[in-house]
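The block underneath contains the structure these notes are about, expressed in structure tokens.
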Amino acid sequence: MTSSTALHAVAARLLGPCTVTGVLSPAVARITTESGDELVVKQHATRSKHEREVHAYRRWAGALGSSAPALKAVDDPAMVIITSALPGRVHSGDLPASAHRQAGAVLRRFHDAEPPSELPWFHDWLHDRADHWSGQAATLLSAADAAVIGSHLAALAEAKVPSGGPCHLDFQPRNWLISRSGDVSLIDFEHARINLPARDFVRLRFRIWAARPDLRDAFLDGYGRPLTEDEDQPVWHLGAIDALTVLVRGHETGDPELTASGRATLQQLQEQP
């Protein structure tokens, strides 16, 4: 497990004398340099996450301006990055419509950071993911549950695949920094890659917007347009994969909140096949 001491050692080697001023997680710490710059140092758990986040910062995050950290230094062998530290904190409670509106605007800029491209591999990815998570969740689903999941996956397999683009792929409030003035910034790009933009709406739709359609309206107002039918249908059907992954991870970790979230998504899929 990464320690603040190890993070400090890498930061000092890359930047010179600095001080750890806060530990945000076992692999993330805030530091202050001798010149007074406040930065964040992060060590990735896997090579793929490191490469994805570095690529996202270098290619797409600049489109967000002050709504995303700036990459300051990289140590590829150690899988460490150092970024600017933004004001604000992650809120675990409900966020106002204004925050969702800003988050929508941020996501639109990220999705538009590169011209659209085709995703010829998407159906193969879907088949592999569906097989994997369906197998993992087999003992957690009733026959009725499995039938509902199967119908949504089949519909997704037959649906037209819209063009792809830069996607965050962990887009939810836990990765939004909210400043005291209410400004929203986006962090944690270790899952980001070219993919189906619809995937960035799935967790919001099932976990937040189901009970708060006003927040969905605010988000899409910030996004600048409603989703087309070709975009919206994949969001709905992708809930099947989200339900499977959350149920499996909730079971593996003994996390009742994750399990409840997966069950709630499954219930929504049952109510609107």
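The way I read the labels, and the way they are meant: chains A, B, ... in the order of the structure tokens, residue 1 as the first residue of every chain, and ligand 1 as the first ligand shown, with later ones counted on from there.
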Just the residues within 6 Å of stretch 83-89 of chain A, please, counting only C-alpha atoms, with nothing from its chain fewer than 3 positions along; format it as an mmCIF file with N, CA, C and O atoms, in the first residue's frame.
```
data_model
loop_
_atom_site.group_PDB
_atom_site.id
_atom_site.type_symbol
_atom_site.label_atom_id
_atom_site.label_comp_id
_atom_site.auth_asym_id
_atom_site.auth_seq_id
_atom_site.Cartn_x
_atom_site.Cartn_y
_atom_site.Cartn_z
ATOM 1 N N GLU A 38 0.375 24.697 -4.154
ATOM 2 C CA GLU A 38 -0.359 23.570 -3.585
ATOM 3 C C GLU A 38 -0.670 22.572 -4.697
ATOM 4 O O GLU A 38 -1.255 22.932 -5.716
ATOM 5 N N LEU A 39 -0.261 21.330 -4.489
ATOM 6 C CA LEU A 39 -0.372 20.304 -5.523
ATOM 7 C C LEU A 39 -0.934 19.016 -4.931
ATOM 8 O O LEU A 39 -1.036 18.869 -3.702
ATOM 9 N N VAL A 40 -1.302 18.100 -5.816
ATOM 10 C CA VAL A 40 -1.779 16.782 -5.411
ATOM 11 C C VAL A 40 -0.895 15.735 -6.075
ATOM 12 O O VAL A 40 -0.637 15.799 -7.284
ATOM 13 N N PRO A 69 -7.963 19.802 -12.817
ATOM 14 C CA PRO A 69 -6.573 20.058 -12.440
ATOM 15 C C PRO A 69 -5.678 20.102 -13.679
ATOM 16 O O PRO A 69 -6.042 19.602 -14.748
ATOM 17 N N ALA A 70 -4.516 20.676 -13.519
ATOM 18 C CA ALA A 70 -3.498 20.690 -14.574
ATOM 19 C C ALA A 70 -2.379 19.719 -14.195
ATOM 20 O O ALA A 70 -1.979 19.644 -13.029
ATOM 21 N N LEU A 71 -1.907 18.969 -15.168
ATOM 22 C CA LEU A 71 -0.822 18.019 -14.928
ATOM 23 C C LEU A 71 0.488 18.775 -14.788
ATOM 24 O O LEU A 71 0.862 19.564 -15.650
ATOM 25 N N LYS A 72 1.212 18.521 -13.694
ATOM 26 C CA LYS A 72 2.464 19.228 -13.412
ATOM 27 C C LYS A 72 3.697 18.353 -13.578
ATOM 28 O O LYS A 72 4.759 18.842 -13.965
ATOM 29 N N LEU A 177 -15.535 18.149 -7.527
ATOM 30 C CA LEU A 177 -15.142 19.034 -6.438
ATOM 31 C C LEU A 177 -16.064 20.249 -6.453
ATOM 32 O O LEU A 177 -16.246 20.874 -7.503
ATOM 33 N N ILE A 178 -16.625 20.582 -5.302
ATOM 34 C CA ILE A 178 -17.514 21.733 -5.188
ATOM 35 C C ILE A 178 -16.839 22.773 -4.301
ATOM 36 O O ILE A 178 -16.554 22.502 -3.129
ATOM 37 N N SER A 179 -16.562 23.939 -4.855
ATOM 38 C CA SER A 179 -15.909 24.995 -4.077
ATOM 39 C C SER A 179 -16.921 25.695 -3.183
ATOM 40 O O SER A 179 -18.137 25.500 -3.307
#
```
**Request:** Going by DSSP on the backbone, which bits of stretch 12-236 of chain A are helix (DSSP H, G or I)? Write them as a PyMOL selection string, please.
**Result:** chain A and resi 12-15+47-59+61-67+97-111+122-140+143-158+173-175+197-209+213-223+229-236
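In this model, the gap between atom CA of A:His123 and atom CA of A:Ala157 comes to 6.4 Å.
Nearest to A:Arg52 of all the residues A:Leu7, A:Pro166, A:Arg174, A:Trp121 is A:Pro166, counting only C-alpha atoms.
For stretch 94-237 of chain A, the set of residues given strand (DSSP E) by DSSP on the backbone reads Gly165, Pro166, Cys167, Trp176, Leu177, Ile178, Val184, Ser185, Leu186, Arg193, Ile194 and Asn195 of chain A.
The residue that comes closest to A:Glu53, out of A:Cys167, A:Thr21, A:Pro115, A:Phe122 and on the basis of only C-alpha atoms, is A:Cys167.
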